[in-house]
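Here's the structure we're looking at; comments come further down.
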Amino acid sequence: MPVAWLLSRLQALVPTERAFSTSQSSHQVVDAVWTLGQLNHVAIAVPDLEKARAFYRDVLGAQVSEVSPLPEHGVSVVFVNLGNTKMELLHPLGNDSPIAGFLQKNKAGGMHHICIEVDNISAAVRDLKEKKIRSLSEEAKIGAHGKPVIFLHPKDCGGVLVELEQA
């Protein structure tokens with residue numbers, strides 16, 4: 001499923017007013033209390049974190065972070081810097097990890113979620129709840145970048161697990 005489709009679907013959730021000029025169009029959100037930002041990262045669940053880390057670093061030549069355990073999320077993460085965005089490599093940290101369940105169903109790993117920045121996560125959560133978009137937790141938690149994050153239910157987001165992160 002293309003990321004552009006998902007971004008347009010999420011933007012469709014917020015009423016917009018279109019203003020056109022001769023050079024380009026712009027979108028202005030009417031009475032918006034939050035704005036959808038850029039793609040922060042695409043998260044990939046991997047069965048072997050060191051092997052995946054070595055592939056992106058040694059074979060593709062990417063800048064790759066050290067392994068960071070995030071016990072509160074049940075994962076270990078590695079970030080692959082791609083210049084204009086990042087990839088987040090996820091590996092289970094313990095048997096209760098949500099990534100462990102994902103890897104049981106997808107032995108070779110695969111795309112787990114996308115993360116999009118928002119300028120006001122509290123307002124976004126309130127607004128999306130009013131629009132009947134479910135989240136996987138009641139409130140935002142601190143994520144891998146030290147900023148508040150919340151995950152939206154894939155059944156409400158075109159089958160994609162969407163993470164919103166405070167910009």
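Here, A, B, ... name the chains of the structure tokens in the order displayed, residue numbers run from 1 inside each chain, and ligands are numbered from 1 in the same displayed order.
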Name the residues in contact with range 118-133 of chain A at a cut-off of 6 Å, using only C-alpha atoms, excluding same-chain residues fewer than 3 positions from it; report them as a ChimeraX atom specification. /A:34-37,156,165-167
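Residues in contact range of range 77-84 of chain A, defined as at most 9 Å between only C-alpha atoms, with sequence neighbours fewer than 5 positions away removed, read Leu39, Asn40, His41, Leu49, Arg53, Tyr56, Arg57, Ala62, Gln63, Val64, Ser65, Glu66, Val67, Ser68, Pro69, Leu70, Leu89, Leu90, His91, Pro92 and Ala144 of chain A.
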Keeping only N, CA and C atoms, write the selected residues to a file as a PDB file, in the first residue's frame.
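Wrote selection-v8.pdb, looks like this:
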```
ATOM      1  N   LEU A  39       6.672  12.439   6.936  1.00  0.00           N
ATOM      2  CA  LEU A  39       6.951  11.056   7.288  1.00  0.00           C
ATOM      3  C   LEU A  39       8.221  11.039   8.131  1.00  0.00           C
ATOM      4  N   ASN A  40       8.146  10.483   9.336  1.00  0.00           N
ATOM      5  CA  ASN A  40       9.314  10.410  10.198  1.00  0.00           C
ATOM      6  C   ASN A  40      10.105   9.144   9.924  1.00  0.00           C
ATOM      7  N   HIS A  41       9.414   7.997   9.888  1.00  0.00           N
ATOM      8  CA  HIS A  41      10.100   6.739   9.596  1.00  0.00           C
ATOM      9  C   HIS A  41       9.123   5.660   9.162  1.00  0.00           C
ATOM     10  N   LEU A  49      18.325  -8.692  14.381  1.00  0.00           N
ATOM     11  CA  LEU A  49      18.616  -7.263  14.379  1.00  0.00           C
ATOM     12  C   LEU A  49      20.049  -6.971  13.923  1.00  0.00           C
ATOM     13  N   ARG A  53      21.008  -4.849  10.677  1.00  0.00           N
ATOM     14  CA  ARG A  53      21.843  -3.659  10.902  1.00  0.00           C
ATOM     15  C   ARG A  53      23.078  -3.697  10.006  1.00  0.00           C
ATOM     16  N   TYR A  56      22.206  -2.949   6.163  1.00  0.00           N
ATOM     17  CA  TYR A  56      22.027  -1.530   5.816  1.00  0.00           C
ATOM     18  C   TYR A  56      23.331  -0.746   5.934  1.00  0.00           C
ATOM     19  N   ARG A  57      24.160  -1.088   6.920  1.00  0.00           N
ATOM     20  CA  ARG A  57      25.419  -0.380   7.137  1.00  0.00           C
ATOM     21  C   ARG A  57      26.502  -0.839   6.154  1.00  0.00           C
ATOM     22  N   ALA A  62      24.557   2.714   4.508  1.00  0.00           N
ATOM     23  CA  ALA A  62      23.748   3.696   5.235  1.00  0.00           C
ATOM     24  C   ALA A  62      24.358   3.998   6.599  1.00  0.00           C
ATOM     25  N   GLN A  63      24.009   5.170   7.122  1.00  0.00           N
ATOM     26  CA  GLN A  63      24.369   5.527   8.496  1.00  0.00           C
ATOM     27  C   GLN A  63      23.375   4.811   9.405  1.00  0.00           C
ATOM     28  N   VAL A  64      23.890   3.991  10.317  1.00  0.00           N
ATOM     29  CA  VAL A  64      23.053   3.126  11.151  1.00  0.00           C
ATOM     30  C   VAL A  64      23.391   3.367  12.617  1.00  0.00           C
ATOM     31  N   SER A  65      22.354   3.505  13.450  1.00  0.00           N
ATOM     32  CA  SER A  65      22.560   3.758  14.880  1.00  0.00           C
ATOM     33  C   SER A  65      22.952   2.477  15.609  1.00  0.00           C
ATOM     34  N   GLU A  66      23.340   2.659  16.849  1.00  0.00           N
ATOM     35  CA  GLU A  66      23.542   1.521  17.744  1.00  0.00           C
ATOM     36  C   GLU A  66      22.178   0.956  18.129  1.00  0.00           C
ATOM     37  N   VAL A  67      22.157  -0.232  18.686  1.00  0.00           N
ATOM     38  CA  VAL A  67      20.923  -0.853  19.171  1.00  0.00           C
ATOM     39  C   VAL A  67      20.492  -0.142  20.449  1.00  0.00           C
ATOM     40  N   SER A  68      19.212   0.237  20.505  1.00  0.00           N
ATOM     41  CA  SER A  68      18.648   0.873  21.695  1.00  0.00           C
ATOM     42  C   SER A  68      17.478   0.048  22.208  1.00  0.00           C
ATOM     43  N   PRO A  69      17.595  -0.522  23.406  1.00  0.00           N
ATOM     44  CA  PRO A  69      16.447  -1.230  23.984  1.00  0.00           C
ATOM     45  C   PRO A  69      15.412  -0.233  24.504  1.00  0.00           C
ATOM     46  N   LEU A  70      14.148  -0.515  24.226  1.00  0.00           N
ATOM     47  CA  LEU A  70      13.037   0.297  24.737  1.00  0.00           C
ATOM     48  C   LEU A  70      12.095  -0.632  25.511  1.00  0.00           C
ATOM     49  N   LEU A  89      14.417  -0.275  12.492  1.00  0.00           N
ATOM     50  CA  LEU A  89      14.455  -1.730  12.549  1.00  0.00           C
ATOM     51  C   LEU A  89      14.015  -2.134  13.952  1.00  0.00           C
ATOM     52  N   LEU A  90      13.006  -2.998  14.031  1.00  0.00           N
ATOM     53  CA  LEU A  90      12.422  -3.415  15.310  1.00  0.00           C
ATOM     54  C   LEU A  90      12.698  -4.889  15.562  1.00  0.00           C
ATOM     55  N   HIS A  91      13.059  -5.207  16.790  1.00  0.00           N
ATOM     56  CA  HIS A  91      13.280  -6.595  17.194  1.00  0.00           C
ATOM     57  C   HIS A  91      12.660  -6.779  18.578  1.00  0.00           C
ATOM     58  N   PRO A  92      12.052  -7.936  18.827  1.00  0.00           N
ATOM     59  CA  PRO A  92      11.406  -8.144  20.125  1.00  0.00           C
ATOM     60  C   PRO A  92      12.391  -8.048  21.283  1.00  0.00           C
ATOM     61  N   ALA A 144      10.820   6.268  20.850  1.00  0.00           N
ATOM     62  CA  ALA A 144      12.258   6.078  20.675  1.00  0.00           C
ATOM     63  C   ALA A 144      13.026   7.388  20.531  1.00  0.00           C
TER      64      ALA A 144
END
```
Per DSSP on the backbone, filter chain A down to the residues in alpha helix (DSSP H) and report them as a ChimeraX atom specification. /A:3-12,49-54,98-105,121-130
All residues 12 Å or closer to Gly101 in chain A, only C-alpha atoms, same chain fewer than 4 positions away omitted, as a CSV table (one decimal) with N, CA, C and O atoms, in the first residue's frame:
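out23.csv was written with the following content:
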```csv
chain,number,residue,atom,x,y,z
A,45,ALA,N,10.0,-4.8,11.1
A,45,ALA,CA,10.2,-5.9,12.1
A,45,ALA,C,11.2,-6.8,11.5
A,45,ALA,O,11.1,-7.2,10.3
A,46,VAL,N,12.3,-7.2,12.2
A,46,VAL,CA,13.3,-8.1,11.7
A,46,VAL,C,13.6,-9.2,12.7
A,46,VAL,O,13.6,-9.0,13.9
A,47,PRO,N,13.8,-10.4,12.2
A,47,PRO,CA,14.1,-11.5,13.1
A,47,PRO,C,15.5,-11.5,13.7
A,47,PRO,O,15.7,-12.1,14.7
A,74,GLY,N,8.7,-2.9,24.6
A,74,GLY,CA,9.0,-4.3,24.4
A,74,GLY,C,9.8,-4.5,23.1
A,74,GLY,O,9.7,-5.6,22.5
A,75,VAL,N,10.6,-3.5,22.7
A,75,VAL,CA,11.4,-3.7,21.5
A,75,VAL,C,12.8,-3.2,21.7
A,75,VAL,O,13.1,-2.4,22.6
A,91,HIS,N,13.1,-5.2,16.8
A,91,HIS,CA,13.3,-6.6,17.2
A,91,HIS,C,12.7,-6.8,18.6
A,91,HIS,O,12.7,-5.9,19.4
A,92,PRO,N,12.1,-7.9,18.8
A,92,PRO,CA,11.4,-8.1,20.1
A,92,PRO,C,12.4,-8.0,21.3
A,92,PRO,O,13.5,-8.5,21.2
A,93,LEU,N,11.9,-7.5,22.3
A,93,LEU,CA,12.7,-7.4,23.6
A,93,LEU,C,11.8,-8.2,24.6
A,93,LEU,O,10.9,-7.6,25.2
A,94,GLY,N,12.0,-9.5,24.7
A,94,GLY,CA,11.2,-10.3,25.5
A,94,GLY,C,10.0,-11.0,24.8
A,94,GLY,O,9.7,-10.6,23.6
A,95,ASN,N,9.5,-12.0,25.4
A,95,ASN,CA,8.4,-12.8,24.7
A,95,ASN,C,7.1,-12.1,24.6
A,95,ASN,O,6.2,-12.5,23.8
A,96,ASP,N,6.8,-11.1,25.4
A,96,ASP,CA,5.6,-10.4,25.4
A,96,ASP,C,5.6,-9.2,24.5
A,96,ASP,O,4.6,-8.5,24.4
A,97,SER,N,6.6,-9.0,23.7
A,97,SER,CA,6.7,-7.9,22.8
A,97,SER,C,5.7,-8.1,21.7
A,97,SER,O,5.4,-9.2,21.1
A,105,LYS,N,3.9,-14.5,12.9
A,105,LYS,CA,3.1,-14.6,11.7
A,105,LYS,C,3.9,-14.3,10.4
A,105,LYS,O,3.5,-14.6,9.4
A,106,ASN,N,5.0,-13.5,10.6
A,106,ASN,CA,5.8,-13.1,9.4
A,106,ASN,C,7.3,-13.5,9.7
A,106,ASN,O,8.0,-12.6,10.1
A,107,LYS,N,7.6,-14.7,9.5
A,107,LYS,CA,8.9,-15.2,9.9
A,107,LYS,C,10.1,-14.5,9.4
A,107,LYS,O,11.1,-14.3,10.1
A,109,GLY,N,10.1,-11.3,8.7
A,109,GLY,CA,9.9,-9.9,9.1
A,109,GLY,C,9.1,-9.1,8.0
A,109,GLY,O,8.5,-9.7,7.1
A,112,HIS,N,6.2,-3.0,9.5
A,112,HIS,CA,5.3,-3.0,10.7
A,112,HIS,C,4.4,-1.8,10.8
A,112,HIS,O,3.2,-1.9,11.1
```
In Å, rounded to a single decimal, give me how far CA of Leu152 in chain A is from CA of Leu136 in chain A.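 Computing the Euclidean distance for CA of Leu136 in chain A and CA of Leu152 in chain A yields 5.9 Å.
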Determine, counting only C-alpha atoms, which protein, DNA and RNA residues have an atom within 10 Å of an atom of Cys115 in chain A; residues of the same chain fewer than 4 positions away are not included. Present the result as a PyMOL selection string. chain A and resi 38-43+86-88+149-151+161-165
